[in-house]
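Undergrad: What follows is upload11.cif; its format and atoms are mmCIF, C-alpha atoms.
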```cif
data_work
#
loop_
_atom_site.label_atom_id
_atom_site.label_comp_id
_atom_site.auth_asym_id
_atom_site.auth_seq_id
_atom_site.Cartn_x
_atom_site.Cartn_y
_atom_site.Cartn_z
CA MET A 1015 0.00 0.00 0.00
CA ALA A 1016 1.40 3.32 -1.01
CA ASP A 1017 2.38 5.71 1.69
CA THR A 1018 0.14 8.65 1.96
CA THR A 1019 1.59 11.91 3.10
CA VAL A 1020 -0.65 14.42 4.72
CA TYR A 1021 0.46 18.01 4.29
CA ALA A 1022 -0.77 20.34 6.98
CA HIS A 1023 -1.62 23.73 5.60
CA GLU A 1024 -0.81 26.43 8.09
CA SER A 1025 -3.48 28.96 8.73
CA VAL A 1026 -2.52 32.60 8.51
CA ALA A 1027 -2.57 32.85 12.29
CA GLU A 1028 -0.22 29.89 12.64
CA ALA A 1029 2.09 31.23 9.99
CA ASP A 1030 2.12 34.56 11.79
CA ALA A 1031 3.02 32.88 15.03
CA HIS A 1032 6.22 31.50 13.48
CA ALA A 1033 7.18 34.67 11.72
CA PRO A 1034 10.13 36.68 13.01
CA SER A 1035 9.16 39.37 15.44
CA ALA A 1036 11.32 42.11 13.97
CA HIS A 1037 10.26 44.10 10.92
CA ILE A 1038 11.71 43.00 7.61
CA GLU A 1039 13.55 45.83 5.89
CA HIS A 1040 11.17 47.25 3.32
CA ASP A 1041 12.25 46.91 -0.27
CA THR A 1042 11.27 50.45 -1.16
CA ASN A 1043 13.28 53.51 -2.10
CA THR A 1044 12.19 55.30 1.04
CA GLY A 1045 12.75 52.41 3.46
CA ILE A 1046 9.18 52.93 4.62
CA SER A 1047 6.41 50.51 3.80
CA ASN A 1048 4.07 51.59 1.02
CA THR A 1049 1.10 51.21 3.39
CA LYS A 1050 2.44 53.74 5.87
CA LEU A 1051 3.55 56.16 3.17
CA ALA A 1052 0.14 55.85 1.49
CA MET A 1053 -1.62 56.66 4.76
CA TRP A 1054 0.49 59.81 5.19
CA LEU A 1055 -0.26 60.86 1.60
CA PHE A 1056 -3.95 60.25 2.27
CA LEU A 1057 -3.77 62.37 5.44
CA ALA A 1058 -2.02 65.13 3.49
CA SER A 1059 -4.89 65.10 1.00
CA GLU A 1060 -7.38 65.14 3.87
CA CYS A 1061 -5.84 68.45 4.98
CA LEU A 1062 -7.17 69.92 1.74
CA LEU A 1063 -10.65 68.45 2.28
CA PHE A 1064 -11.00 69.82 5.79
CA GLY A 1065 -9.22 73.01 4.74
CA GLY A 1066 -11.95 73.67 2.21
CA LEU A 1067 -14.70 72.94 4.72
CA ILE A 1068 -13.14 75.13 7.43
CA THR A 1069 -12.64 77.97 4.93
CA THR A 1070 -16.30 77.74 3.91
CA TYR A 1071 -17.35 77.83 7.55
CA ILE A 1072 -15.22 80.92 8.27
CA LEU A 1073 -16.78 82.70 5.29
CA TYR A 1074 -20.34 81.77 6.23
CA ARG A 1075 -20.20 81.83 10.02
CA THR A 1076 -22.30 85.00 10.22
CA PRO A 1077 -25.87 83.84 9.55
CA LEU A 1078 -28.26 86.10 7.65
CA GLU A 1079 -31.19 84.41 9.37
CA GLY A 1080 -31.79 81.89 12.16
CA PRO A 1081 -29.82 81.43 15.40
CA THR A 1082 -26.23 82.68 15.61
CA PRO A 1083 -23.39 80.35 16.63
CA HIS A 1084 -22.96 81.82 20.09
CA GLU A 1085 -26.68 81.71 20.81
CA ILE A 1086 -26.80 77.95 20.49
CA PHE A 1087 -23.30 76.58 21.20
CA ASP A 1088 -22.92 74.81 24.55
CA ILE A 1089 -19.20 75.33 25.12
CA PRO A 1090 -18.88 73.34 28.39
CA PHE A 1091 -20.50 70.32 26.72
CA THR A 1092 -18.35 70.57 23.58
CA SER A 1093 -15.24 71.08 25.72
CA THR A 1094 -15.98 67.80 27.47
CA SER A 1095 -16.42 66.06 24.10
CA SER A 1096 -13.12 67.55 22.94
CA PHE A 1097 -11.40 66.28 26.07
CA VAL A 1098 -12.83 62.79 25.44
CA LEU A 1099 -11.48 62.77 21.87
CA LEU A 1100 -8.11 64.09 23.04
CA MET A 1101 -7.82 61.28 25.59
CA SER A 1102 -8.71 58.75 22.88
CA SER A 1103 -5.47 59.79 21.15
CA LEU A 1104 -3.61 58.80 24.31
CA THR A 1105 -5.27 55.37 24.45
CA MET A 1106 -4.57 54.92 20.72
CA VAL A 1107 -0.86 55.62 21.04
CA LEU A 1108 -0.72 53.28 24.06
CA ALA A 1109 -2.34 50.58 21.90
CA VAL A 1110 0.37 51.04 19.24
CA SER A 1111 3.01 50.94 21.95
CA ALA A 1112 1.51 47.77 23.43
CA ILE A 1113 1.57 45.78 20.18
CA GLU A 1114 5.09 46.93 19.38
CA ARG A 1115 6.09 45.45 22.74
CA GLY A 1116 4.12 42.28 22.00
CA ASP A 1117 1.61 42.90 24.79
CA HIS A 1118 -1.62 41.71 23.18
CA GLN A 1119 -3.72 41.95 26.32
CA ARG A 1120 -3.01 45.66 26.71
CA LEU A 1121 -3.44 46.17 22.97
CA ARG A 1122 -7.03 44.94 23.25
CA VAL A 1123 -7.72 47.02 26.34
CA TRP A 1124 -6.42 50.24 24.75
CA ILE A 1125 -8.09 49.63 21.38
CA GLY A 1126 -11.38 48.94 23.16
CA ALA A 1127 -10.94 52.10 25.23
CA THR A 1128 -10.19 54.16 22.11
CA ALA A 1129 -13.30 52.86 20.34
CA ALA A 1130 -15.41 53.53 23.45
CA LEU A 1131 -14.10 57.11 23.75
CA GLY A 1132 -14.73 57.66 20.03
CA ALA A 1133 -18.27 56.33 20.40
CA THR A 1134 -18.81 58.68 23.36
CA PHE A 1135 -17.69 61.60 21.20
CA ILE A 1136 -20.09 60.58 18.42
CA ALA A 1137 -22.95 60.17 20.90
CA GLY A 1138 -22.22 63.70 22.13
CA GLN A 1139 -22.27 65.01 18.57
CA VAL A 1140 -25.62 63.33 17.85
CA TYR A 1141 -27.02 64.83 21.07
CA GLU A 1142 -25.65 68.27 20.13
CA PHE A 1143 -27.14 68.10 16.62
CA THR A 1144 -30.51 67.03 18.06
CA VAL A 1145 -30.55 69.96 20.50
CA PHE A 1146 -29.58 72.42 17.76
CA TYR A 1147 -32.31 71.09 15.47
CA ARG A 1148 -34.94 71.47 18.22
CA GLU A 1149 -33.75 75.04 18.75
CA GLY A 1150 -34.50 75.80 15.11
CA LEU A 1151 -31.12 75.22 13.45
CA GLY A 1152 -31.78 72.85 10.55
CA PHE A 1153 -29.31 72.03 7.78
CA THR A 1154 -30.91 74.56 5.40
CA THR A 1155 -31.85 77.20 7.99
CA SER A 1156 -28.95 79.47 7.07
CA ARG A 1157 -25.60 79.46 5.33
CA PHE A 1158 -24.01 79.17 8.78
CA SER A 1159 -26.01 76.05 9.64
CA SER A 1160 -25.18 74.39 6.30
CA ALA A 1161 -21.46 75.11 6.70
CA PHE A 1162 -21.49 74.06 10.37
CA TYR A 1163 -23.31 70.75 9.86
CA THR A 1164 -21.24 69.90 6.78
CA LEU A 1165 -17.93 70.54 8.56
CA THR A 1166 -18.73 68.83 11.86
CA GLY A 1167 -20.77 66.10 10.12
CA PHE A 1168 -17.83 65.21 7.84
CA HIS A 1169 -15.62 65.02 10.89
CA GLY A 1170 -18.17 62.80 12.66
CA VAL A 1171 -18.21 60.44 9.66
CA HIS A 1172 -14.42 60.23 9.86
CA VAL A 1173 -14.59 59.37 13.57
CA SER A 1174 -17.25 56.72 12.85
CA ILE A 1175 -15.06 55.13 10.16
CA GLY A 1176 -12.19 55.18 12.66
CA ILE A 1177 -14.34 53.32 15.20
CA LEU A 1178 -15.12 50.65 12.58
CA MET A 1179 -11.39 50.29 11.86
CA LEU A 1180 -10.67 49.95 15.59
CA MET A 1181 -13.36 47.30 16.01
CA SER A 1182 -11.83 45.41 13.07
CA MET A 1183 -8.43 45.58 14.79
CA LEU A 1184 -9.96 44.27 18.01
CA PHE A 1185 -11.65 41.42 16.14
CA LEU A 1186 -8.42 40.50 14.34
CA SER A 1187 -6.49 40.58 17.60
CA LEU A 1188 -9.02 38.33 19.34
CA ARG A 1189 -8.75 35.89 16.39
CA GLY A 1190 -4.96 35.86 16.79
CA LYS A 1191 -4.39 37.48 13.42
CA LEU A 1192 -2.59 40.55 14.68
CA PRO A 1193 0.88 39.46 15.81
CA GLU A 1194 3.51 42.01 16.80
CA HIS A 1195 5.33 41.89 13.48
CA ARG A 1196 2.14 43.31 11.99
CA SER A 1197 2.12 46.22 14.41
CA GLU A 1198 2.29 48.53 11.41
CA THR A 1199 -1.40 47.78 10.75
CA VAL A 1200 -2.30 49.18 14.16
CA GLU A 1201 0.09 52.09 13.68
CA VAL A 1202 -1.52 53.04 10.35
CA VAL A 1203 -5.01 52.96 11.90
CA GLY A 1204 -3.54 55.01 14.76
CA LEU A 1205 -2.27 57.65 12.31
CA TYR A 1206 -5.79 58.01 10.93
CA TRP A 1207 -7.21 58.30 14.45
CA HIS A 1208 -4.71 60.94 15.53
CA PHE A 1209 -5.42 62.90 12.36
CA VAL A 1210 -9.13 62.91 13.20
CA ASP A 1211 -8.10 64.28 16.61
CA VAL A 1212 -5.91 67.07 15.20
CA VAL A 1213 -8.69 68.10 12.83
CA TRP A 1214 -11.01 68.40 15.83
CA ILE A 1215 -8.39 70.51 17.63
CA VAL A 1216 -8.68 72.99 14.74
CA ILE A 1217 -12.49 72.76 14.54
CA PHE A 1218 -12.92 73.24 18.29
CA ALA A 1219 -10.81 76.40 18.28
CA VAL A 1220 -12.07 77.92 15.03
CA VAL A 1221 -15.76 77.00 15.22
CA TYR A 1222 -16.52 77.02 18.94
CA LEU A 1223 -14.02 79.29 20.69
CA VAL A 1224 -13.02 82.06 18.29
CA PRO A 1225 -15.34 85.02 18.92
CA ALA A 1226 -17.62 86.05 16.05
CA MET B 806 13.65 39.78 26.76
CA ALA B 807 10.15 41.22 26.52
CA LEU B 808 9.82 44.98 26.41
CA THR B 809 7.79 46.70 29.11
CA SER B 810 5.99 50.03 29.05
CA HIS B 811 9.05 51.53 30.78
CA ASP B 812 11.31 50.69 27.82
CA GLU B 813 11.85 52.63 24.64
CA ILE B 814 11.03 50.61 21.53
CA PRO B 815 14.16 49.90 19.43
CA THR B 816 14.15 51.23 15.87
CA GLU B 817 14.71 47.76 14.37
CA LEU B 818 11.22 46.82 15.58
CA LEU B 819 9.68 49.88 13.97
CA ASP B 820 8.73 50.82 10.44
CA GLY B 821 10.67 53.72 8.99
CA ALA B 822 11.83 55.01 12.38
CA VAL B 823 15.13 56.78 12.94
CA LYS B 824 14.75 57.11 16.74
CA GLU B 825 13.41 54.80 19.42
CA TYR B 826 9.72 55.31 20.21
CA SER B 827 9.02 56.76 23.65
CA ARG B 828 8.18 55.05 26.89
CA ASP B 829 4.47 55.12 27.74
CA ARG B 830 5.17 57.68 30.47
CA VAL B 831 6.07 60.26 27.80
CA TYR B 832 2.70 59.73 26.09
CA VAL B 833 0.83 60.17 29.38
CA LEU B 834 2.73 63.39 30.15
CA THR B 835 2.01 64.64 26.62
CA ALA B 836 -1.71 63.98 27.14
CA ILE B 837 -1.63 65.91 30.44
CA PHE B 838 0.09 68.81 28.64
CA LEU B 839 -2.58 68.76 25.90
CA ALA B 840 -5.38 68.66 28.49
CA ALA B 841 -3.84 71.65 30.28
CA ILE B 842 -3.77 73.64 27.03
CA THR B 843 -7.41 72.72 26.41
CA VAL B 844 -8.28 74.08 29.86
CA VAL B 845 -6.55 77.38 28.99
CA GLU B 846 -8.44 77.49 25.67
CA VAL B 847 -11.77 77.02 27.41
CA MET B 848 -10.81 79.64 30.01
CA THR B 849 -10.75 82.25 27.22
CA TYR B 850 -14.46 81.56 26.82
CA ALA B 851 -15.56 80.62 30.34
CA ALA B 852 -13.61 83.32 32.14
CA PRO B 853 -13.24 86.19 29.70
CA ASP B 854 -11.80 88.43 32.42
CA PHE B 855 -9.15 85.87 33.37
CA ILE B 856 -6.65 87.74 31.24
CA ALA B 857 -7.02 91.42 30.50
CA TRP B 858 -7.94 91.04 26.85
CA LYS B 859 -7.54 94.10 24.69
CA GLY B 860 -10.32 92.96 22.42
CA ASP B 861 -11.14 89.88 20.41
CA ASN B 862 -8.09 90.10 18.16
CA LEU B 863 -5.68 89.22 20.97
CA LYS B 864 -7.95 86.40 22.06
CA ILE B 865 -8.02 85.00 18.51
CA VAL B 866 -4.20 85.17 18.26
CA VAL B 867 -3.83 83.35 21.60
CA LEU B 868 -6.36 80.67 20.55
CA MET B 869 -4.57 80.13 17.23
CA ILE B 870 -1.20 79.74 18.97
CA LEU B 871 -2.64 77.26 21.49
CA MET B 872 -4.34 75.36 18.66
CA ALA B 873 -1.06 75.15 16.72
CA VAL B 874 0.82 73.92 19.82
CA LYS B 875 -1.75 71.14 20.34
CA PHE B 876 -1.78 70.25 16.63
CA PHE B 877 1.98 69.86 16.32
CA THR B 878 2.34 68.13 19.70
CA VAL B 879 -0.06 65.40 18.58
CA ALA B 880 1.64 65.16 15.18
CA TYR B 881 5.16 64.98 16.59
CA ILE B 882 4.64 62.74 19.62
CA PHE B 883 1.48 60.68 19.09
CA MET B 884 1.86 60.36 15.30
CA HIS B 885 5.58 59.71 15.77
CA LEU B 886 6.81 62.34 13.28
CA ARG B 887 9.60 63.11 15.75
CA PHE B 888 10.82 59.53 15.56
CA ASP B 889 10.15 58.59 11.92
CA LYS B 890 12.00 59.38 8.71
CA LYS B 891 11.79 63.01 7.67
CA ILE B 892 10.08 62.18 4.40
CA LEU B 893 6.84 61.54 6.30
CA THR B 894 7.06 65.00 7.89
CA TRP B 895 7.58 66.56 4.47
CA VAL B 896 4.69 64.62 2.94
CA PHE B 897 2.34 65.81 5.68
CA TYR B 898 3.63 69.39 5.60
CA ALA B 899 3.20 69.49 1.83
CA GLY B 900 -0.52 68.79 2.19
CA LEU B 901 -0.87 71.09 5.18
CA THR B 902 0.96 73.96 3.49
CA LEU B 903 -1.07 73.55 0.32
CA ALA B 904 -4.27 73.57 2.37
CA VAL B 905 -3.24 76.74 4.23
CA LEU B 906 -2.35 78.45 0.94
CA VAL B 907 -5.76 77.50 -0.45
CA TYR B 908 -7.46 79.01 2.65
CA ILE B 909 -5.48 82.21 2.28
CA ALA B 910 -6.29 82.43 -1.44
CA VAL B 911 -10.01 81.88 -0.92
CA LEU B 912 -10.32 84.06 2.17
CA SER B 913 -8.36 86.89 0.56
CA MET B 914 -10.61 86.67 -2.50
CA PHE B 915 -13.72 87.16 -0.37
CA ARG B 916 -12.30 89.49 2.27
CA ILE B 917 -9.75 91.61 0.39
CA TRP B 918 -10.29 91.49 -3.39
CA PHE B 919 -14.10 91.33 -3.42
CA PRO B 920 -15.21 92.25 0.11
CA GLY B 921 -18.92 92.17 0.81
CA ARG B 922 -19.98 90.46 -2.41
CA HIS B 923 -20.51 87.09 -0.72
CA THR B 924 -23.25 88.44 1.57
#
```
Could I get this file's structure written as structure tokens?
TA:
Amino acid sequence: MADTTVYAHESVAEADAHAPSAHIEHDTNTGISNTKLAMWLFLASECLLFGGLITTYILYRTPLEGPTPHEIFDIPFTSTSSFVLLMSSLTMVLAVSAIERGDHQRLRVWIGATAALGATFIAGQVYEFTVFYREGLGFTTSRFSSAFYTLTGFHGVHVSIGILMLMSMLFLSLRGKLPEHRSETVEVVGLYWHFVDVVWIVIFAVVYLVPA
Amino acid sequence: MALTSHDEIPTELLDGAVKEYSRDRVYVLTAIFLAAITVVEVMTYAAPDFIAWKGDNLKIVVLMILMAVKFFTVAYIFMHLRFDKKILTWVFYAGLTLAVLVYIAVLSMFRIWFPGRHT
């Protein structure tokens, strides 16, 4: 009877487990992986997107009709939301740090915390929009309202996409498909998250705090 | 030997880095610094007499400076621009500079070259 050889096919997770822990030198002209460079290029292009939206808001911040910004803004509430988003940047960078040290338990804790803080920020934004709408500020009420909702709404969509990315990371980590030599994946998601935070730093100052 | 949160992360474990990434303590201190700046920002609204403002223009200048400090602190420390290859800094600055030039062009068009026509 002929010998039969059974070949075990390694799953991705198993193959990852045997992979070397250090990064392999990238075969690119820059020495940086294409993924990371692409994310930075994307973020550079996002500066133009939010730049256009912020410029439009500055031009149209004085409404010709309807409530004015400082009649409806609740600065203490928005300040708390801003603080929550700022702290999510801390938890995000700690998540990146954890996976680069091979600490998967802390990675999951910090990613979960980042997603939770992001969700809190979004919940605050939904609450804020609801209050504004009840106070008579609809999307088409005035040029100010259109510019305001478009700017902050676009930012909210970015945060929501970031939360989905974080949940994907958490799922991958729980499935064992996010070993430390793939820490770059977490770092790239982290870059996106921090960018969303820096955009809010600008929005918070320009939209909410700068006097009309 | 496994790295702990008290260790810097060696560059050979990092992608495109030229310096070791910080200990976690540095990130926590950075977050405290950012929170403190946010408190000062909010003070300009919540306690308008906290500093003897000479009008809104000074307040706007102070807010813009504080905003820039927060922006670049996050970019340099949390986004690791301080530790990564300079090309990433240049890529990001290229987009940022272009965006700022576009703002200036558009705002000057509406405020300087054709003031009042957008109302």
Undergrad: Counting only C-alpha atoms, select every polymer residue within 12 Å of (0.5, 58.2, 1.0) as defined in the file's coordinates, and provide the selection as a PyMOL selection string.
TA: (chain A and resi 1046-1060+1202+1205-1206) or (chain B and resi 892-897+899-900)
Undergrad: Selection from above, C-alpha atoms, as a compact mmCIF listing (two decimals), in the coordinates of the input, can you write it?
TA:
```
# COMPACT_ATOMS: atom_id res chain seq x y z
CA ILE A 1046 9.18 52.93 4.62
CA SER A 1047 6.41 50.51 3.80
CA ASN A 1048 4.07 51.59 1.02
CA THR A 1049 1.10 51.21 3.39
CA LYS A 1050 2.44 53.74 5.87
CA LEU A 1051 3.55 56.16 3.17
CA ALA A 1052 0.14 55.85 1.49
CA MET A 1053 -1.62 56.66 4.76
CA TRP A 1054 0.49 59.81 5.19
CA LEU A 1055 -0.26 60.86 1.60
CA PHE A 1056 -3.95 60.25 2.27
CA LEU A 1057 -3.77 62.37 5.44
CA ALA A 1058 -2.02 65.13 3.49
CA SER A 1059 -4.89 65.10 1.00
CA GLU A 1060 -7.38 65.14 3.87
CA VAL A 1202 -1.52 53.04 10.35
CA LEU A 1205 -2.27 57.65 12.31
CA TYR A 1206 -5.79 58.01 10.93
CA ILE B 892 10.08 62.18 4.40
CA LEU B 893 6.84 61.54 6.30
CA THR B 894 7.06 65.00 7.89
CA TRP B 895 7.58 66.56 4.47
CA VAL B 896 4.69 64.62 2.94
CA PHE B 897 2.34 65.81 5.68
CA ALA B 899 3.20 69.49 1.83
CA GLY B 900 -0.52 68.79 2.19
```
Undergrad: Between A:Ser1197, A:Ser1095, A:Asn1043, A:Thr1154, which one has atoms that come closest to Leu1121 in chain A, using all atoms listed in the file?
TA: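 Of the candidates, the smallest distance to Leu1121 in chain A is held by A:Ser1197.
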Undergrad: Hey, list the chain A side of the contact with chain B: 6 Å cut-off, only C-alpha atoms, answer as a list of chain:residue names.
TA: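 That gives A:Ala1036, A:His1037, A:Ile1046, A:Ala1058, A:Ser1059, A:Cys1061, A:Leu1062, A:Gly1065, A:Thr1069, A:Val1107, A:Arg1115, A:Leu1205, A:Val1212, A:Val1224 for chain A.
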Undergrad: Quick one: write out the picked residues with C-alpha atoms as a PDB file, in the frame of the given file?
TA:
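Full text of out_13.pdb as output:
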```
ATOM      1  CA  ALA A1036      11.320  42.110  13.970  1.00  0.00           C
ATOM      2  CA  HIS A1037      10.260  44.100  10.920  1.00  0.00           C
ATOM      3  CA  ILE A1046       9.180  52.930   4.620  1.00  0.00           C
ATOM      4  CA  ALA A1058      -2.020  65.130   3.490  1.00  0.00           C
ATOM      5  CA  SER A1059      -4.890  65.100   1.000  1.00  0.00           C
ATOM      6  CA  CYS A1061      -5.840  68.450   4.980  1.00  0.00           C
ATOM      7  CA  LEU A1062      -7.170  69.920   1.740  1.00  0.00           C
ATOM      8  CA  GLY A1065      -9.220  73.010   4.740  1.00  0.00           C
ATOM      9  CA  THR A1069     -12.640  77.970   4.930  1.00  0.00           C
ATOM     10  CA  VAL A1107      -0.860  55.620  21.040  1.00  0.00           C
ATOM     11  CA  ARG A1115       6.090  45.450  22.740  1.00  0.00           C
ATOM     12  CA  LEU A1205      -2.270  57.650  12.310  1.00  0.00           C
ATOM     13  CA  VAL A1212      -5.910  67.070  15.200  1.00  0.00           C
ATOM     14  CA  VAL A1224     -13.020  82.060  18.290  1.00  0.00           C
TER      15      VAL A1224
END
```
Undergrad: Measure the distance from CA of Pro1083 in chain A to CA of Leu1151 in chain A in Å and round it to one decimal.
TA: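 Computing it gives 9.8 Å between the two atoms.
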Undergrad: State, in Å with one decimal place, the distance from CA of Leu1131 in chain A to CA of Thr1164 in chain A.
TA: 22.4 Å
Undergrad: Please report the interatomic distance between CA of Tyr1141 in chain A and CA of Asp1088 in chain A in Å with one decimal.
TA: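 Here the two named atoms are 11.3 Å from each other.
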Undergrad: Apply the PyMOL selection byres ((chain A and resi 1183) around 10) to the file shown and report the selected residues as a ChimeraX atom specification.
TA: /A:1121-1122,1125-1126,1177-1182,1184-1189,1191-1192,1199-1200,1203
Undergrad: Using the chain letters and residue numbers of this document, give as a VMD selection string the residues selected by the PyMOL selection byres ((chain A and resi 1128) around 10).
TA: chain A and resid 1098 to 1099 1101 to 1109 1122 to 1127 1129 to 1134 1176 to 1177 1180 to 1181 1204 1207
Undergrad: For Glu1201 in chain A, which residue among A:Ser1111, A:Gly1066, A:Gly1080, A:Thr1166 is the nearest when counting all atoms listed in the file?
TA: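 Checking each candidate against Glu1201 in chain A, we get A:Ser1111 as the closest.
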